[in-house]
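Undergrad: Have a look at this one before I ask anything.
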Amino acid sequence: MPSIETGPVAQRGSMVPALYRVAGTRRELADTATLELVPLAGARPEFAPGQFNMLYAFGVGEIAVSISGAAGEESFLHTVRDVGAVSGALARIEAGATLGLRGPFGTGWPIAAARGADVLFVAGGLGLAPLRGAIQQVLAERDRYGRIVILFGSRNPKDMLYRRELAQWRRRLDVAIEVTVDHADRDWHGNVGVVPALIRRVPFDAHDAFAFVCGPEVMMRFTVNALREAAVPSERIYLSMERNMKCAVGWCGHCQFGPAFICKDGPVMRFDRIAELLAVREI
Amino acid sequence: MEDLEHILAQHPFFAGFSAQHSRLVAGCARNHRYDADEYLFREGEPANEFFLLRHGQVALEILPPGRRPMVFATLGMGEIVGASWLVPPYRWMFDARAMSLTRAIGIDAACLREKCEADHHLGYEMMKRFLPILVQRLHATRLQILDVYAKH
Amino acid sequence: MQISPADQASRLITCEGLQALLDELLERGYRVLGPTLRDGAIVYDRIARIADLPAGWTDQQDAGRYRLARRGDQALFGFAVGPQSWKQYLRPPVETLWTMRLGEDGPTISSDALESPKMAFLGVRACEIHAMRIQDRVLREGPHADAAYAMRRQDAFVIAVNCAQAGGTCFCVSMRTGPKATSDFDLALTELIDGHAHRFLVEIGSEAGAEIMLRVPHGPATDEHCAAAAAVIERTASQMGRSLETDGIKELLQGNPDHPRWNDVAQRCLTCGNCTLVCPTCFCTTVEDHSDLLGASAERVRKWDSCFTMDFSYLHGGGVRSSARSRYRQWMTHKLASWFDQFGTSGCVGCGRCITWCPVGIDITQEAAAIRATPDAGKEERHGGS
């Protein structure tokens, strides 16, 4: 019976992973998979979309991965892209395997604060994963929000994440969704161009809107420019920031972004609070 | 002619245009309709016109030798297609293909250039509207070049 | 931790009394750590006898320079601080957090019992006490406290020593962290040497300190002794080797990320990380995951790290701070400015170690002064562009 000894281990607290079983995997793209993780003992902790867990691949290492939702109350969903030793091990893990999980950590998307307003979800590439849980949560209580807009950009049609969910959302009549790719061939009949350009194309009330943005930092900076040009207030734009993490609990110092610890003060951060930092090279 | 003038005045590009200038431009304008996969223009052809899209979607493409055409931008309703008519040698640098049924107003480039020479106020009003669009496209293109979603 | 009025009065002990104090601590099972002479420096190590202390030695410190020299007297604590701080005991450089084994029944995680030999620190300077309190805020507070650190900290017996001599790179007066230890100690000593009379004024700072003093031969401290001790401390305060203007320093540094001085210091900084190793408040660590060749067991080890390493801040296949300029800026801005946002105080205690132990002699007080001298120099360099 797998167990975690109490006593000394409990004293190590937040640095000890809980053991989770991989209940299922889904190949999303050639190098990306979504894992469904269920705790071996106890209940899955509560989480807010936007938060992340530290996933530990036995003997290889640990990385921070955003929670991309849940399949019910029992599991975490994590979408992992193979970009290194640990992420590669996680992206290739098989159903039935065990891995370690610490979390959830960090700040989530301010979904409750956005009630009553229009909400724009703007995602680039893998950035759709940390937003997916928030989109689902907002759609689950659709009547508490104004217009819902989902804007999503990928490199090309082949690398588009969550096509099934995107199609589901598109089938709803009460959500505006625009998708674009950086370049494509003739088989793609949709938009080609960058995500910020989509902002001009969708109707929403800038003065009463929240924007939740997630993607590569450069894409987020361009997107924020476009949102600001459309008169969305800075204090209503939220970004999901990223840095490498070793502890996720504010001790190791690695994730510092100016004075902010991305593990504690982020990853979801309000744009007006970090606007100056974003403009500093090598901060 | 009157119909076109009216349609032009509705187009966002011409917001704030004086009636007199609208008439001048309308004098260079004509209606176009393109079926799906028809070309508005091809790379290398003289850039005789630029287009204001009223309906439909246009793909800007380049055909590299030995490969399939690559689409690098799509433009839709309300947007402008074509900037090469502004600068010599007035030749298109890429293909523009209608992705679906597309209606556009084409404005004759030589005609408009001549009128702008004669009336510099008209010229300035056109430039004021064109430049922000070009700058926006430049910024967007730079973001595309950065290939931010690629693995590094 | 109320100390009775009787205990608040200071005591006087001799060197024999100090030895008795050490004996008492050792008998109670404390591991006693204090300054010793080794490798041409004064370093902390286990001690049992006052003969282990560097009697009659002092240090001469300046930017990039540390030398020992003989004193004219036999003072036991006649020096400033050496290259180490107490953090090496409270948060060891290498610590195994847990081990995971793949057994037949699945994986199990285990951890060694937290080490608990109680430690007694002899010779803790006021700046070092402040440094420990600063690290407390980082490691002991909040929902994810480091229990091992907290335990070691709680069990530690602190014998402070008020500096009788300022170091060449000291600036505790500027940082308001010394030279007098004012709180968070069990006992505080001020060494008084007058001809052949060699005694220590002892202040009691806690119940534990009061209790142990009952077993140490002592006499009352007269007003003259107290005045002499105060004079020692006052003299030390006037001898500071450096000073740092702290007024508005947070805004100064956070508002100047593009100051040309950063380029200047980047020419000199080797990014060797010495400053982070010797600094008593630097807390950054890294984590390494190892497994054995069979893949049957794995462990996670935490080690000290430094923000000067190339991949310390890392994203998308590259270091975020690849230039020396950005890494020095990060360290200094964090230490003197961002720390306020994060923990409510400065991260610097003015001990001067980073100045002394920098191989090229970079002086944090000098860098701060240079930026302060031209506070707008970096701000004119904003260009437009498309």
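A note on labels: chains of the structure tokens are A, B, ... as shown, every chain counts residues from 1, and ligands are counted from 1 in their shown order.
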Enumerate as a PyMOL selection string all residues of stretch 89-276 of chain C assigned to helix (DSSP H, G or I) by DSSP on the backbone, naming them with the chain letters and numbers the document uses.

TA: chain C and resi 89-90+126-139+147-155+172-175+207-213+223-238+249-254+260-268+274-276

Undergrad: Take the residues just selected and output them with C-alpha atoms as a PDB file, in the first residue's frame.

TA:
```pdb
ATOM      1  CA  TYR C  89      23.916  26.296  10.854  1.00  0.00           C
ATOM      2  CA  LEU C  90      20.304  27.404  10.745  1.00  0.00           C
ATOM      3  CA  ALA C 126      23.965  42.884  16.464  1.00  0.00           C
ATOM      4  CA  CYS C 127      23.952  42.883  12.683  1.00  0.00           C
ATOM      5  CA  GLU C 128      23.797  39.098  12.719  1.00  0.00           C
ATOM      6  CA  ILE C 129      20.817  39.133  15.061  1.00  0.00           C
ATOM      7  CA  HIS C 130      19.036  41.401  12.627  1.00  0.00           C
ATOM      8  CA  ALA C 131      20.023  39.095   9.802  1.00  0.00           C
ATOM      9  CA  MET C 132      18.476  36.132  11.601  1.00  0.00           C
ATOM     10  CA  ARG C 133      15.284  38.066  12.149  1.00  0.00           C
ATOM     11  CA  ILE C 134      15.230  38.964   8.484  1.00  0.00           C
ATOM     12  CA  GLN C 135      15.618  35.330   7.522  1.00  0.00           C
ATOM     13  CA  ASP C 136      12.885  34.460  10.033  1.00  0.00           C
ATOM     14  CA  ARG C 137      10.477  36.589   8.055  1.00  0.00           C
ATOM     15  CA  VAL C 138      11.326  34.769   4.881  1.00  0.00           C
ATOM     16  CA  LEU C 139      11.469  31.226   6.184  1.00  0.00           C
ATOM     17  CA  ALA C 147       9.844  23.716   9.871  1.00  0.00           C
ATOM     18  CA  ALA C 148      13.450  22.553  10.062  1.00  0.00           C
ATOM     19  CA  TYR C 149      14.682  26.121  10.095  1.00  0.00           C
ATOM     20  CA  ALA C 150      12.074  27.131  12.659  1.00  0.00           C
ATOM     21  CA  MET C 151      13.056  24.315  14.952  1.00  0.00           C
ATOM     22  CA  ARG C 152      16.767  25.048  14.792  1.00  0.00           C
ATOM     23  CA  ARG C 153      16.066  28.700  15.326  1.00  0.00           C
ATOM     24  CA  GLN C 154      13.819  28.177  18.280  1.00  0.00           C
ATOM     25  CA  ASP C 155      16.233  25.845  20.002  1.00  0.00           C
ATOM     26  CA  CYS C 172      25.487  48.866  10.729  1.00  0.00           C
ATOM     27  CA  VAL C 173      24.922  52.400  12.014  1.00  0.00           C
ATOM     28  CA  SER C 174      23.523  53.422   8.623  1.00  0.00           C
ATOM     29  CA  MET C 175      21.244  50.375   8.586  1.00  0.00           C
ATOM     30  CA  GLU C 207      14.277  33.683  30.782  1.00  0.00           C
ATOM     31  CA  ALA C 208      16.575  31.017  29.441  1.00  0.00           C
ATOM     32  CA  GLY C 209      19.463  33.451  29.730  1.00  0.00           C
ATOM     33  CA  ALA C 210      18.483  34.391  33.298  1.00  0.00           C
ATOM     34  CA  GLU C 211      18.188  30.770  34.251  1.00  0.00           C
ATOM     35  CA  ILE C 212      21.591  29.764  32.967  1.00  0.00           C
ATOM     36  CA  MET C 213      23.260  32.751  34.634  1.00  0.00           C
ATOM     37  CA  ASP C 223      27.447  52.097  37.105  1.00  0.00           C
ATOM     38  CA  GLU C 224      31.037  52.530  36.019  1.00  0.00           C
ATOM     39  CA  HIS C 225      31.039  49.181  34.293  1.00  0.00           C
ATOM     40  CA  CYS C 226      27.821  50.068  32.500  1.00  0.00           C
ATOM     41  CA  ALA C 227      29.224  53.432  31.487  1.00  0.00           C
ATOM     42  CA  ALA C 228      32.405  51.771  30.232  1.00  0.00           C
ATOM     43  CA  ALA C 229      30.352  49.354  28.160  1.00  0.00           C
ATOM     44  CA  ALA C 230      28.308  52.194  26.739  1.00  0.00           C
ATOM     45  CA  ALA C 231      31.498  54.037  25.865  1.00  0.00           C
ATOM     46  CA  VAL C 232      32.859  51.000  24.051  1.00  0.00           C
ATOM     47  CA  ILE C 233      29.741  50.794  21.953  1.00  0.00           C
ATOM     48  CA  GLU C 234      29.709  54.503  21.282  1.00  0.00           C
ATOM     49  CA  ARG C 235      33.298  54.382  20.113  1.00  0.00           C
ATOM     50  CA  THR C 236      32.505  51.501  17.803  1.00  0.00           C
ATOM     51  CA  ALA C 237      29.578  53.410  16.358  1.00  0.00           C
ATOM     52  CA  SER C 238      31.862  56.289  15.498  1.00  0.00           C
ATOM     53  CA  ILE C 249      16.645  54.096  -1.401  1.00  0.00           C
ATOM     54  CA  LYS C 250      13.807  51.803  -2.429  1.00  0.00           C
ATOM     55  CA  GLU C 251      12.362  54.314  -4.880  1.00  0.00           C
ATOM     56  CA  LEU C 252      15.853  55.295  -6.017  1.00  0.00           C
ATOM     57  CA  LEU C 253      16.821  51.787  -7.084  1.00  0.00           C
ATOM     58  CA  GLN C 254      13.448  50.597  -8.338  1.00  0.00           C
ATOM     59  CA  PRO C 260      24.316  53.814 -16.562  1.00  0.00           C
ATOM     60  CA  ARG C 261      25.978  52.813 -13.285  1.00  0.00           C
ATOM     61  CA  TRP C 262      24.717  49.265 -13.812  1.00  0.00           C
ATOM     62  CA  ASN C 263      26.823  49.105 -16.977  1.00  0.00           C
ATOM     63  CA  ASP C 264      29.742  50.396 -14.991  1.00  0.00           C
ATOM     64  CA  VAL C 265      29.545  47.768 -12.264  1.00  0.00           C
ATOM     65  CA  ALA C 266      28.943  45.085 -14.896  1.00  0.00           C
ATOM     66  CA  GLN C 267      32.423  45.764 -16.240  1.00  0.00           C
ATOM     67  CA  ARG C 268      33.848  44.780 -12.878  1.00  0.00           C
ATOM     68  CA  ASN C 274      30.778  35.429  -3.283  1.00  0.00           C
ATOM     69  CA  CYS C 275      28.547  38.209  -2.038  1.00  0.00           C
ATOM     70  CA  THR C 276      25.541  35.910  -1.888  1.00  0.00           C
TER      71      THR C 276
END
```

Undergrad: I need the chain B residues near chain C as JSON, numbers by chain; criterion: at most 9 Å, counting only C-alpha atoms.

TA: {"B": [135, 138, 139, 151, 152]}

Undergrad: At most 9 Å is the cut-off: for each residue in chain A with any atom that close to an atom of chain B, write down the nearest atom pair and the distance in Å rounded to one decimal, counting only C-alpha atoms, chain first then increasing number, as CSV.

TA:
```
residue,atom,partner,partner_atom,distance
A:Asp82,CA,B:Lys151,CA,9.0
A:Val83,CA,B:Lys151,CA,6.9
A:Gly124,CA,B:Tyr149,CA,7.3
A:Gly125,CA,B:Tyr149,CA,5.5
A:Leu126,CA,B:Tyr149,CA,7.8
A:Gly153,CA,B:Tyr149,CA,9.0
A:Ser154,CA,B:Tyr149,CA,6.7
A:Arg155,CA,B:Tyr149,CA,5.7
A:Val181,CA,B:Phe72,CA,8.8
A:Asp182,CA,B:Gln144,CA,5.7
A:His183,CA,B:Phe72,CA,4.9
A:Ala184,CA,B:Val71,CA,5.2
A:Asp185,CA,B:Met70,CA,4.8
A:Arg186,CA,B:Pro69,CA,6.8
A:Trp188,CA,B:Val71,CA,8.8
A:His189,CA,B:Met99,CA,7.0
A:Gly190,CA,B:Thr74,CA,7.9
A:Asn191,CA,B:Thr74,CA,5.4
A:Val192,CA,B:Ala73,CA,4.6
A:Gly193,CA,B:Ala73,CA,5.1
A:Val194,CA,B:Ala140,CA,6.1
A:Val195,CA,B:Ala140,CA,8.8
A:Pro196,CA,B:Ala140,CA,7.7
A:Ala197,CA,B:Ala140,CA,7.3
A:Gly215,CA,B:Tyr149,CA,8.3
A:Pro216,CA,B:Val148,CA,6.3
A:Glu217,CA,B:Val148,CA,8.5
A:Val218,CA,B:Val148,CA,7.1
A:Met219,CA,B:Val148,CA,6.9
A:Phe222,CA,B:Leu143,CA,7.8
```

Undergrad: Do a neighbour search on A:Phe76 at 12 Å with only C-alpha atoms, toss out local chain neighbours closer than 2 positions, and write the hits as a ChimeraX atom specification.

TA: /A:20-25,34-39,43-49,51-55,65-74,78-79,101-104,133

Undergrad: Fewer than 6 positions away in the same chain doesn't count, so skip those; otherwise give me all residues within 8 Å of A:Phe271, counting only C-alpha atoms, as a list of chain:residue names.

TA: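 So, after excluding close chain neighbours, the residues are A:Ser234, A:Glu235, A:Arg236, A:Ile237, A:Tyr238, A:Leu239.
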
Undergrad: Counting only C-alpha atoms, collect the residues of chain C whose closest atom lies at most 7 Å from chain A, and write them out as JSON, numbers by chain.

TA: {"C": [97, 105, 106, 107, 108, 109, 110, 111, 112, 113, 114, 138, 139, 144, 147, 284, 285, 286, 287, 289, 290, 291, 298, 312, 313, 314, 315, 320, 321, 326, 338, 341, 342]}

Undergrad: What separation in Å, quoted to one decimal, exists between atom CA of A:Pro110 and atom CA of A:Ser87?

TA: 27.9 Å

Undergrad: When you count only C-alpha atoms, which of these residues is closest to C:Ala188: C:Met119, C:Leu18, C:Ile50, C:Leu214?

TA: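 Result for the nearest residue to C:Ala188: C:Leu18.
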
Undergrad: Run DSSP on the backbone and tell me which residues of stretch 3-247 of chain A come out as strand (DSSP E or B); list them as a PyMOL selection string.

TA: chain A and resi 3-4+18-29+32-39+49+51-57+61-66+69+76-81+98-105+107+118-124+148-154+176-181+184+191-192+209-214+237-240
